[in-house]
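A.B. asks: Mind having a look at this structure? Questions to follow.
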Amino acid sequence: MKNVTILDHPLITHKTTILRMTETTNKEFRELVEEITTLMCFEALRDLPLEDVDIETPICKTTQKMIKGKKLAVVPILRAGLGMVNGMLSLVPNAKVGHIGMYRDEETLQPHEYYCKLPPDIQDRLIVVVDPMLATGGSSIDAISQIKSYGGKHIKFLCVIAAPEGIEALTKAHPDVEVYCANVDEKLNENAYIVPGLGDAGDRIFGTK
């Protein structure tokens, strides 16, 4: 599917399988989400623009390359997306971090926004929206729409597990957004949970029910 990349590197696949297991502890789950995010980040940022810079090594002066311009903004969708932030920052520690709070109505299954705080220069940055799960796509669609309303232009979306329904909805609503995920699962069940999935990512990251 256009603008969708499945990052099925063996390390990512292996760690994602452990992530799914019922017996994986909250501590292990958090660590795995961070590790998977770091591996995904490496691939998702492969196209960052570079520019020539003049530097001096211990041997001589030389022209080398560094990342060009305002670099990156990471925007987790609260609350589960918080579990992916450190994985991103381990590679890009100078990235600005915004936050968008969304919750799902348990009856209608529709997302509702309750918080939005973005860097003031969001329009000048590559924005990576992170959320471990892409289920119906409602939260990610609304979050990205909100970012665009603040001037965000160059947006990528990273998730660990996606449902086909969520990918279809997100790419239809935002065809300009590049989507990266570790695995596309079978389907959504009647409660809009991903099958086989890994349960509620927020609960497993934070140890809540």
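Letters A, B, ... go to the chains of the structure tokens in the order shown; residues in each chain start at 1; ligands are counted from 1 in the same order.
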Which residues, written as a CSV table (one decimal) with N, CA and C atoms, in the first residue's frame, have at least one atom at most 7 Å from A:Lys68, with only C-alpha atoms counted and residues fewer than 3 positions away on the same chain left out?

C.D. replies:
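The file below, result.csv, is the result:
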```
chain,number,residue,atom,x,y,z
A,49,PRO,N,17.1,15.1,5.4
A,49,PRO,CA,18.0,15.9,4.5
A,49,PRO,C,19.3,16.2,5.2
A,50,LEU,N,20.4,16.2,4.4
A,50,LEU,CA,21.7,16.6,4.9
A,50,LEU,C,22.2,17.8,4.2
A,51,GLU,N,23.2,18.5,4.8
A,51,GLU,CA,23.9,19.6,4.2
A,51,GLU,C,25.3,19.6,4.5
```

A.B. asks: Compare A:Met133, A:Ala80, A:Val33, A:Leu91 by their minimum atom-to-atom distance to A:Thr208, counting only C-alpha atoms, and give me the closest one.

C.D. replies: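 When distances to A:Thr208 are compared using only C-alpha atoms, the smallest one comes from A:Ala80.
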
A.B. asks: DSSP on the backbone: which residues in stretch 18-68 of chain A end up as strand (DSSP E)? Give the answer as a list of chain:residue names.

C.D. replies: A:Leu50, A:Glu51, A:Asp52, A:Val53, A:Asp54, A:Ile55, A:Glu56, A:Lys61, A:Thr62, A:Thr63, A:Gln64, A:Lys65, A:Met66, A:Ile67

A.B. asks: Identify, on the basis of only C-alpha atoms, every residue whose closest approach to A:Phe42 does not exceed 12 Å; exclude the query and any residue fewer than 6 positions from it along the same chain; express the result as a PDB file with N, CA, C and O atoms, in the first residue's frame.

C.D. replies:
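Contents of part_39.pdb, as written:
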```pdb
ATOM      1  N   LEU A   7       8.175  -2.538   8.767  1.00  0.00           N
ATOM      2  CA  LEU A   7       9.568  -2.694   9.187  1.00  0.00           C
ATOM      3  C   LEU A   7       9.741  -4.072   9.832  1.00  0.00           C
ATOM      4  O   LEU A   7       9.779  -4.214  11.053  1.00  0.00           O
ATOM      5  N   HIS A   9      12.200  -6.147  10.129  1.00  0.00           N
ATOM      6  CA  HIS A   9      13.553  -6.598  10.445  1.00  0.00           C
ATOM      7  C   HIS A   9      13.465  -7.715  11.482  1.00  0.00           C
ATOM      8  O   HIS A   9      12.612  -7.673  12.378  1.00  0.00           O
ATOM      9  N   ILE A  12      13.183  -6.572  15.077  1.00  0.00           N
ATOM     10  CA  ILE A  12      11.889  -5.964  15.394  1.00  0.00           C
ATOM     11  C   ILE A  12      10.825  -7.048  15.534  1.00  0.00           C
ATOM     12  O   ILE A  12      10.016  -7.030  16.472  1.00  0.00           O
ATOM     13  N   GLU A  35      12.805  -0.262  22.771  1.00  0.00           N
ATOM     14  CA  GLU A  35      13.785  -0.870  21.871  1.00  0.00           C
ATOM     15  C   GLU A  35      13.236  -0.969  20.445  1.00  0.00           C
ATOM     16  O   GLU A  35      13.940  -0.665  19.472  1.00  0.00           O
ATOM     17  N   ILE A  36      11.996  -1.387  20.318  1.00  0.00           N
ATOM     18  CA  ILE A  36      11.373  -1.504  18.994  1.00  0.00           C
ATOM     19  C   ILE A  36      11.278  -0.127  18.342  1.00  0.00           C
ATOM     20  O   ILE A  36      11.554   0.034  17.143  1.00  0.00           O
ATOM     21  N   LEU A  48      16.150  11.796   6.147  1.00  0.00           N
ATOM     22  CA  LEU A  48      16.411  13.130   6.674  1.00  0.00           C
ATOM     23  C   LEU A  48      17.374  13.876   5.754  1.00  0.00           C
ATOM     24  O   LEU A  48      18.391  13.323   5.322  1.00  0.00           O
ATOM     25  N   GLY A  87      12.442   5.923  23.160  1.00  0.00           N
ATOM     26  CA  GLY A  87      13.044   5.176  22.069  1.00  0.00           C
ATOM     27  C   GLY A  87      13.443   6.084  20.917  1.00  0.00           C
ATOM     28  O   GLY A  87      14.470   5.869  20.266  1.00  0.00           O
ATOM     29  N   MET A  88      12.629   7.114  20.660  1.00  0.00           N
ATOM     30  CA  MET A  88      12.972   8.102  19.641  1.00  0.00           C
ATOM     31  C   MET A  88      14.117   8.993  20.108  1.00  0.00           C
ATOM     32  O   MET A  88      15.082   9.237  19.367  1.00  0.00           O
ATOM     33  N   LEU A  89      14.030   9.465  21.353  1.00  0.00           N
ATOM     34  CA  LEU A  89      15.018  10.421  21.850  1.00  0.00           C
ATOM     35  C   LEU A  89      16.396   9.799  22.020  1.00  0.00           C
ATOM     36  O   LEU A  89      17.399  10.520  22.058  1.00  0.00           O
ATOM     37  N   SER A  90      16.470   8.491  22.129  1.00  0.00           N
ATOM     38  CA  SER A  90      17.780   7.858  22.242  1.00  0.00           C
ATOM     39  C   SER A  90      18.604   8.065  20.974  1.00  0.00           C
ATOM     40  O   SER A  90      19.836   8.057  21.009  1.00  0.00           O
ATOM     41  N   LEU A  91      17.931   8.255  19.829  1.00  0.00           N
ATOM     42  CA  LEU A  91      18.628   8.517  18.572  1.00  0.00           C
ATOM     43  C   LEU A  91      18.666  10.000  18.227  1.00  0.00           C
ATOM     44  O   LEU A  91      19.615  10.466  17.598  1.00  0.00           O
ATOM     45  N   VAL A  92      17.625  10.735  18.602  1.00  0.00           N
ATOM     46  CA  VAL A  92      17.541  12.168  18.271  1.00  0.00           C
ATOM     47  C   VAL A  92      17.257  12.953  19.554  1.00  0.00           C
ATOM     48  O   VAL A  92      16.138  13.456  19.762  1.00  0.00           O
ATOM     49  N   LEU A 158       4.333   6.473  13.368  1.00  0.00           N
ATOM     50  CA  LEU A 158       4.978   5.221  13.758  1.00  0.00           C
ATOM     51  C   LEU A 158       4.097   4.465  14.736  1.00  0.00           C
ATOM     52  O   LEU A 158       3.623   5.039  15.726  1.00  0.00           O
ATOM     53  N   TYR A 180       4.616   3.916   9.270  1.00  0.00           N
ATOM     54  CA  TYR A 180       5.590   2.865   9.538  1.00  0.00           C
ATOM     55  C   TYR A 180       5.055   1.986  10.666  1.00  0.00           C
ATOM     56  O   TYR A 180       4.633   2.505  11.702  1.00  0.00           O
TER      57      TYR A 180
END
```

A.B. asks: I'd like a table as CSV: residues in stretch 33-83 of chain A with an atom no more than 12 Å from stretch 172-179 of chain A, each row giving the shortest atom pair and its distance in Å to one decimal, only C-alpha atoms counted, sorted by chain and rising residue number.

C.D. replies:
```
residue,atom,partner,partner_atom,distance
A:Met40,CA,A:Val179,CA,11.2
A:Cys41,CA,A:Val179,CA,11.9
A:Glu43,CA,A:Val179,CA,11.9
A:Ala44,CA,A:Val179,CA,9.0
A:Leu45,CA,A:Glu178,CA,11.0
A:Asp47,CA,A:Glu178,CA,11.7
```

A.B. asks: Please produce an output containing C-alpha atoms for each residue in the selection, written as an mmCIF file, in the first residue's frame.

C.D. replies:
```cif
data_model
loop_
_atom_site.group_PDB
_atom_site.id
_atom_site.type_symbol
_atom_site.label_atom_id
_atom_site.label_comp_id
_atom_site.auth_asym_id
_atom_site.auth_seq_id
_atom_site.Cartn_x
_atom_site.Cartn_y
_atom_site.Cartn_z
ATOM 1 C CA MET A 40 11.938 1.675 13.761
ATOM 2 C CA CYS A 41 13.182 5.245 14.165
ATOM 3 C CA GLU A 43 14.645 3.231 9.356
ATOM 4 C CA ALA A 44 11.862 5.824 9.374
ATOM 5 C CA LEU A 45 14.361 8.708 9.457
ATOM 6 C CA ASP A 47 15.462 10.247 4.361
#
```

A.B. asks: Could you tell me, as a list of chain:residue names, which residues of stretch 30-110 of chain A DSSP assigns to alpha helix (DSSP H) when given the backbone?

C.D. replies: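 Everything in stretch 30-110 of chain A that counts as alpha helix (DSSP H) is A:Arg30, A:Glu31, A:Leu32, A:Val33, A:Glu34, A:Glu35, A:Ile36, A:Thr37, A:Thr38, A:Leu39, A:Met40, A:Cys41, A:Phe42, A:Glu43, A:Ala44, A:Leu82, A:Gly83, A:Met84, A:Val85, A:Asn86, A:Gly87, A:Met88, A:Leu89.
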
A.B. asks: With a distance cut-off of 6 Å and only C-alpha atoms, select the neighbouring residues of stretch 22-30 of chain A, excluding the residue or stretch itself and same-chain residues fewer than 3 positions from it, and output the selection as a list in words.

C.D. replies: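 Result of the neighbour search: Leu19, Val33, Arg204, Ile205 and Gly207 of chain A.
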
A.B. asks: Expressed in Å to a single decimal, how great is the separation between atom CA of A:Lys96 and atom CA of A:Asp121?

C.D. replies: 9.6 Å
